[in-house]
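Notes to accompany the following structure.
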Number of protein chains: 4
Amino acid sequence: MAAPPISQILASAPIDLTPYESLYKHLHTHPELSNHELTTSKTCAAHLTALGVFTLHTKIGGHGLAGVFENGPGKKVLLRADMDALPILEKTGLPYASTVTALGADGLPTPVMHACGHDMHMTCLLAAAETLVKLRESWSGTLIVLFQPAEERGTGAKAMVDDGLYDRVPVPDYVIGQHVMAMRAGSVGFRAGTIMAGADSLKITLFGNGGHGSQPHRTVDPAVLAAHVVVRLQGIVSREVDYNDVAVLTVGSIQAGKTENIIADHATIGVDIRSVSLATRAKLLSAIERVVKAECVASGASKEPLIEVTRNLPKTVNDEAMANRLETSFRRHFESSFDPDIPVTTIAEDFSILGTSQGVPCAFWHWGGIDPALWDEKSRQGRLLDIPVNHSSGFAPIIQPTMRTGVETLCVAALEFFSGREQSKL
Amino acid sequence: MAAPPISQILASAPIDLTPYESLYKHLHTHPELSNHELTTSKTCAAHLTALGVFTLHTKIGGHGLAGVFENGPGKKVLLRADMDALPILEKTGLPYASTVTALGADGLPTPVMHACGHDMHMTCLLAAAETLVKLRESWSGTLIVLFQPAEERGTGAKAMVDDGLYDRVPVPDYVIGQHVMAMRAGSVGFRAGTIMAGADSLKITLFGNGGHGSQPHRTVDPAVLAAHVVVRLQGIVSREVDYNDVAVLTVGSIQAGKTENIIADHATIGVDIRSVSLATRAKLLSAIERVVKAECVASGASKEPLIEVTRNLPKTVNDEAMANRLETSFRRHFESSFDPDIPVTTIAEDFSILGTSQGVPCAFWHWGGIDPALWDEKSRQGRLLDIPVNHSSGFAPIIQPTMRTGVETLCVAALEFFSGREQSKL
Amino acid sequence: MAAPPISQILASAPIDLTPYESLYKHLHTHPELSNHELTTSKTCAAHLTALGVFTLHTKIGGHGLAGVFENGPGKKVLLRADMDALPILEKTGLPYASTVTALGADGLPTPVMHACGHDMHMTCLLAAAETLVKLRESWSGTLIVLFQPAEERGTGAKAMVDDGLYDRVPVPDYVIGQHVMAMRAGSVGFRAGTIMAGADSLKITLFGNGGHGSQPHRTVDPAVLAAHVVVRLQGIVSREVDYNDVAVLTVGSIQAGKTENIIADHATIGVDIRSVSLATRAKLLSAIERVVKAECVASGASKEPLIEVTRNLPKTVNDEAMANRLETSFRRHFESSFDPDIPVTTIAEDFSILGTSQGVPCAFWHWGGIDPALWDEKSRQGRLLDIPVNHSSGFAPIIQPTMRTGVETLCVAALEFFSGREQSKL
Amino acid sequence: MAAPPISQILASAPIDLTPYESLYKHLHTHPELSNHELTTSKTCAAHLTALGVFTLHTKIGGHGLAGVFENGPGKKVLLRADMDALPILEKTGLPYASTVTALGADGLPTPVMHACGHDMHMTCLLAAAETLVKLRESWSGTLIVLFQPAEERGTGAKAMVDDGLYDRVPVPDYVIGQHVMAMRAGSVGFRAGTIMAGADSLKITLFGNGGHGSQPHRTVDPAVLAAHVVVRLQGIVSREVDYNDVAVLTVGSIQAGKTENIIADHATIGVDIRSVSLATRAKLLSAIERVVKAECVASGASKEPLIEVTRNLPKTVNDEAMANRLETSFRRHFESSFDPDIPVTTIAEDFSILGTSQGVPCAFWHWGGIDPALWDEKSRQGRLLDIPVNHSSGFAPIIQPTMRTGVETLCVAALEFFSGREQSKL
């Protein structure tokens with residue numbers, strides 16, 4: 001006899017999301033920066049413990065956490081959420097907005113905010129875990145739930161793997177992740193093959209010669225140099241990259257001097273690039289180096305710039321076989337709210353390292369977090385750009401239906417890949 | 001009978017500068033930022049107290065200090081030094097270099113350094129005070145020594161006046177100050193009329209719309225906006241100001257974003273201008289506003305920029321009558337090491353507020369702090385620009401002959417202006 | 001009985017291309033600018049006349065030419081070539097290189113060059129006409145060969161239509177064109193749907209206030225203004241356009257002043273944009289206007305800029321039904337040298353106006369003109385960018401196999417669409 | 001007996017300026033570009049001939065003209081005017097405005113205009129010649145009137161000297177010139193020492209790789225490169241030159257491409273610099289080279305830029321002894337309309353080569369050409385910048401009192417320097 005459809009299984013054991021809404025608000029109010037997810041990790045561990053069936057592994061690659069629920073023979077499915085927040089001053093105006101300040105990577109105090117939705121990721125994964133525990137009779141296999149630190153720095157997945165993640169938990173058959181996005185809440189987006197670009201971050205130090213702000217002729221002004229570099233870098237994507245390639249080059253930060261009347265002796269800029277093709281990535285990196293070095297010469301800098309790689313994220317590629325199965329399951333469950341062909345996004349993830357490092361196939365999708373009424377209104381006005389996106393100070397998913405959808409996606413996918421479900425499509 | 005020449009009077013009562021060299025090193029090692037000169041002020045007060053004749057007034061306009069020595073009838077002469085240091089990381093490599101870190105004006109920790117020579121100013125003034133006390137039989141009148149806070153912020157002189165300075169100490173007949181510069185040590189430079197330009201500082205906030213670094217099309221990038229503003233501002237002096245005018249426009253600081261992969265929602269730049277003519281000052285300020293506002297429009301910023309005046313320093317004008325007397329005295333004492341016609345400098349001071357606020361004439365000069373051997377070598381090589389200037393991380397006067405000269409200038413000027421010296425020129 | 005395959009038909013009546021090679025060289029040596037194709041048009045007309053079966057129509061929309069060969073009942077197929085050359089100084093070093101100079105659109109003398117391959121287009125169309133005449137027994141219908149002027153100005157197709165083209169020649173059932181490209185000679189590239197982007201050209205006049213080059217402070221410098229505009233425009237594609245969209249913004253010309261020591265009173269820039277989506281086109285046009293106007297304000301220009309549209313080319317969209325038939329025919333004939341899925345190109349054409357103005361379906365493809373040996377070597381070295389592209393002073397197709405392929409493409413397509421060929425695919 | 005005052009001598013022999021006003025209008029309506037002053041030169045020669053006393057020398061260094069009037073023993077005084085016009089489209093709206101078009105230095109047609117007042121220079125010199133002839137009884141010596149070609153190219157004075165000027169006319173004892181300026185008509189301005197800066201002009205060719213405007217990734221865009229160079233050059237004066245130095249750097253021309261949709265393979269910019277100090281000149285030239293080369297590297301240009309010197313003008317230095325005498329004479333004659341201490345101007349001249357090449361002292365002054373009523377009104381409004389300056393399309397001196405003053409200056413100076421006048425100051 002064929003197994004019942006996944007939607008029917010899910011409908012048979014609804015869970016109460018009210019406590020998860022409270023948990024979400026709590027996490028949102030208490031964000032922690034990359035590599036400082038201590039309390040967050042403990043909160044997630046406590047919830048997993050309460051479910052009664054998970055073996056917990058903590059402090060993997062920093063504050064990484066994994067829970068393993070062995071539920072009979074069968075496939076091993078890993079569901080992943082990320083835990084860290086960003087050094088952004090929250091401006092959502094929400095009653096549960098963050099007012100947290102912490103020491104940033106530069107040793108200086110910074111406001112902190114869950115501006116990328118990782119609080120929603122964790123909450124959905126915990127609720128999915130409860131659901132799957134409640135549905136334990138409907139599936140067989142091993143469920144691994146993983147809470148990753150330091151996604152924003154692009155180091156957490158690798159740190160967990162390097163710290164012996166797979167000595168502690170079984171190597172899964174499938175690695176699954178998801179990201180909440182500035183899309184209409186209730187919607188789910190996917191694409192086979194590359195869904196997210198690769199990312200590289202650079203810290204570039206430009207050396208001038210400092211002096212009194214009133215005596216520029218006795219200095220080499222690094223602020224002017226930095227400005228010319230930033231301006232010049234804008235031409236790389238617009239002039240040097242094929243218009244059919246995906247490429248983004250952003251200067252996220254410029255730091256030069258501290259006061260008006262001192263010419264500093266150096267400036268630093270933080271550069272982020274996104275690319276799908278390796279040739280385009282190489283072209284971007286080489287063009288950046290060319291421009292930066294030449295601008296230093298143009299300013300008469302006595303010293304070569306220092307270009308340091310601070311982050312490298314692989315592209316996220318959805319396995320073809322997993323993609324086929326997911327597309328079928330998601331279309332059945334989400335119907336027209338599921339889009340199997342969203343464009344490649346340049347938002348990047350270190351998620352896939354959890355799979356590719358072991359030769360295990362991965363799948364990753366996006367789901368929406370924007371109030372449908374707002375979305376529809378802005379869409380009608382042609383003003384979708386008004387809606388705050390991930391990493392902006394105004395980004396916060398509407399709690400429902402965002403959370404409900406994010407729990408269902410994880411459950412549908414897990415049930416799809418657990419043993420014995422292949423025939424459900426017959 | 002004519003009074004003996006000033007040089008002869010000075011030579012009659014030499015003081016030992018050894019303890020002042022130690023004091024200088026101590027002050028250099030323990031710099032304090034503007035408005036935080038608590039310990040510095042106490043150190044100066046202790047030295048004055050030790051001289052036994054000064055009535056002290058403390059906490060004037062913050063940590064301002066004044067000492068009054070009434071030495072018979074006659075003119076009242078005010079000698080001024082400034083006390084504050086700068087948020088710069090010292091790179092002089094000196095054994096007594098500063099390693100101090102303190103909270104800056106922005107509430108964030110910053111290294112602190114005496115990069116403008118105020119430590120030398122204070123030391124010379126204290127040594128001059130001792131000398132004049134020792135020479136008390138040679139002059140008659142009232143000596144006021146004043147240690148001013150917050151010169152670097154341009155607020156200290158006004159704060160002292162506003163806080164009742166001249167209710168506590170007598171209004172002087174002459175107000176005198178000096179500044180150590182990247183000139184040959186041993187040399188003294190002066191000019192009648194305007195010797196230092198006026199200065200204005202602006203903090204400009206540029207508003208974009210933040211977002212994820214990979215999604216620039218959904219943001220207005222304030223880093224790119226700031227870069228264009230900084231680049232565009234360079235054209236004001238080179239295109240809009242008459243080549244016969246003195247004008248400097250420096251962007252001392254740019255702050256945009258904190259990490260590579262977030263597009264911030266604003267950027268700030270710190271702008272400093274110098275001018276001699278009021279018309280040029282007005283032109284600079286108006287051109288800055290025009291450029292900044294237009295560049296915000298060019299970027300599609302939804303919000304007008306915020307332009308705040310953070311500092312305003314008047315130009316420093318040497319009184320003609322004082323100038324005549326000082327030129328005679330200095331030429332006699334310093335001979336060919338005295339230059340009565342140095343060019344106007346754009347380095348600015350709030351010093352003259354101590355006089356102009358009371359309608360009292362002022363005089364101000366520069367003296368050299370650079371090792372004569374180094375100066376001569378660099379001069380021969382045509383590489384004077386190699387020498388670190390005020391406000392650079394490598395600036396530190398050579399202790400001698402800098403200090404000796406800086407004490408003599410103050411003593412010569414004071415003796416010149418005390419009662420009964422007019423006839424010395426006969 | 002099914003008709004024999006097209007390749008077999010073609011092989012049955014080879015023509016001698018030697019005279020066409022001479023014609024090609026002649027046309028290449030004697031290029032004529034847009035709207036001045038008088039001699040070129042006469043040359044083509046003479047060749048058509050020599051074929052003995054064409055009714056000729058001349059001076060349509062300028063120097064436009066059409067020949068009609070009624071060969072029995074059936075479909076009417078229009079094959080189009082373009083005739084005009086470009087204001088470029090030829091640097092190919094070929095023995096038949098152009099040394100022509102003519103008056104340009106600005107009334108000034110300019111060198112002229114067939115840098116876009118229209119000479120090859122005409123030659124191939126004439127040879128295809130001879131071939132189809134020779135094969136007249138193998139097809140039935142009406143062949144229209146059309147030689148269009150002023151393609152480079154984007155005005156020729158519309159001018160011919162507006163001048164009554166379809167009052168003189170029958171409205172075709174199919175409109176067909178092709179373009180030689182910097183691809184490997186022998187290869188043919190196609191894509192269903194949009195194959196070429198739309199293009200818009202703007203002439204922008206920026207007003208300053210002129211004056212003596214030594215007195216910039218008494219002027220508003222339009223050269224500096226133009227430079228800032230050009231620099232600022234580079235950020236539109238890189239910051240404002242979705243990385244998944246096709247968009248190009250090029251400033252092809254800057255003209256400011258004539259001598260070093262005069263500041264001119266205006267500057268002009270020529271801007272060209274390419275886009276596939278209408279929303280992106282609107283965004284580009286609006287961003288250009290925003291940037292240009294704001295930069296004028298930033299410069300203190302007393303006058304608004306003048307933005308004039310000089311050209312508008314629609315995108316070129318391959319009709320789906322024609323695309324299906326062409327793909328089948330071309331794959332059979334050209335086998336692996338045919339690529340049915342080349343990327344969209346931003347090179348634009350006014351070709352499709354010949355069809356869309358009448359509601360008639362169009363098809364258009366690219367074929368290669370680069371020496372295969374050179375292509376393969378550069379490809380191996382990863383230096384394909386060394387190869388001169390259309391509109392560069394070094395662009396010239398290798399005569400063979402370029403010509404042979406360009407004749408075959410036209411003949412295969414014509415034979416495909418003439419009546420009676422549908423069943424050939426059975 | 002002392003000679004009568006010069007003013008009295010002049011008043012004794014007034015000439016009628018009416019025909020000179022007509023001559024001025026004629027010259028203004030018929031401007032000729034540098035090195036094409038054929039008709040202008042003939043017109044001047046005809047007027048000189050009519051005076052009946054001049055020996056004429058023509059075609060010296062091109063269209064150069066000199067007339068010698070030997071009027072007894074004594075000093076030899078050379079008075080010089082320049083003859084050439086500029087490639088500017090006149091926009092004065094005057095009834096006698098130029099509508100002339102001629103072939104420019106680049107071989108292309110250009111409008112031509114007397115936008116620098118050389119027409120006024122010539123007219124005043126001819127009228128002064130008539131006056132001095134009329135006053136021949138009042139002075140003794142040799143009067144040389146010289147009409148120089150190609151001043152705007154900076155080559156005419158040298159060409160005349162190199163072509164044997166002083167083999168044909170006697171070497172003078174004094175060389176005198178003047179320039180009409182955007183100053184109040186009636187006023188005369190002078191300064192001892194350097195009155196006009198030196199000038200250097202450069203033509204800089206920037207090499208890219210051309211291509212189709214829609215394919216920037218296959219090109220190196222020289223328009224963008226040129227824009228970055230122009231923007232970057234603005235920082236040299238504002239950041240690298242001492243604010244006490246006189247320095248101007250102007251990019252007078254940018255030429256890149258001809259049409260919107262072609263990316264050219266090179267761009268040219270014309271750069272003009274002005275400086276008083278040789279060290280500043282060297283700094284400007286070296287900074288230009290540094291910036292231009294580095295920007296080519298930043299663009300990935302495959303070829304070094306070509307930097308050609310097209311013009312070099314020395315500074316104009318007023319001889320001290322001549323200055324003393326002129327100041328006295330001019331003050332007596334023009335009273336408060338004479339300013340002996342105008343600022344250095346960066347407008348440059350090759351005038352002084354006529355003297356310095358022979359070791360002969362020179363003197364040069366400026367006089368005003370702006371309608372006094374307009375000047376006073378604009379001055380009151382603080383809108384002097386509204387007034388068109390030399391080299392702008394709206395520049396034209398008001399005929400009177402400009403001409404009268406320009407005749408008097410030449411006559412006063414000539415009479416001052418002719419033999420026997422030294423004692424007039426007693």
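Chain labels run A, B, ... following the order of the structure tokens; each chain numbers its residues from 1, and ligands are numbered from 1 in the order shown.
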
Practice prompt. Considering only C-alpha atoms, return as an NGL selection string whatever protein or nucleic-acid residues lie within 7 Å of Phe190 in chain B, sequence-local ones (same chain, fewer than 6 positions apart) excluded.
Written response: :B and (339-342 or 365-366)

At most 7 Å is the cut-off: for each residue in chain B with any atom that close to an atom of chain C, write down the nearest atom pair and the distance in Å rounded to one decimal, counting only C-alpha atoms, chain first then increasing number, as a tab-separated table.
residue	atom	partner	partner_atom	distance
B:Pro216	CA	C:Arg239	CA	5.1
B:His217	CA	C:Glu240	CA	4.1
B:Arg239	CA	C:Pro216	CA	5.1
B:Glu240	CA	C:His217	CA	4.1
B:Val241	CA	C:His217	CA	5.3
B:Asp242	CA	C:His217	CA	5.5
B:Arg290	CA	C:Ala298	CA	5.8
B:Val291	CA	C:Ala298	CA	4.5
B:Ala294	CA	C:Ala298	CA	5.0
B:Glu295	CA	C:Ala294	CA	6.6
B:Val297	CA	C:Ala294	CA	5.9
B:Ala298	CA	C:Val291	CA	4.5

Fill in: Shell of 8 Å around range 159-161 of chain B, only C-alpha atoms, local chain residues under 2 positions omitted, as a PyMOL selection string
chain B and resi 60-62+64+148+155-157+163-166+354+357

Worksheet item: Quick one: distance from CA of Ala102 in chain C to CA of Thr58 in chain C in Å, one decimal?
Response: 23.0 Å

Worksheet entry | Residue list (alpha helix (DSSP H), DSSP) for range 252-295 of chain A, as a PyMOL selection string | chain A and resi 278-295

Fill in: Residue nearest Thr259 in chain A - candidates A:Leu285, A:Phe417, A:Ala223, A:Ile88, atoms counted: only C-alpha atoms
A:Ala223
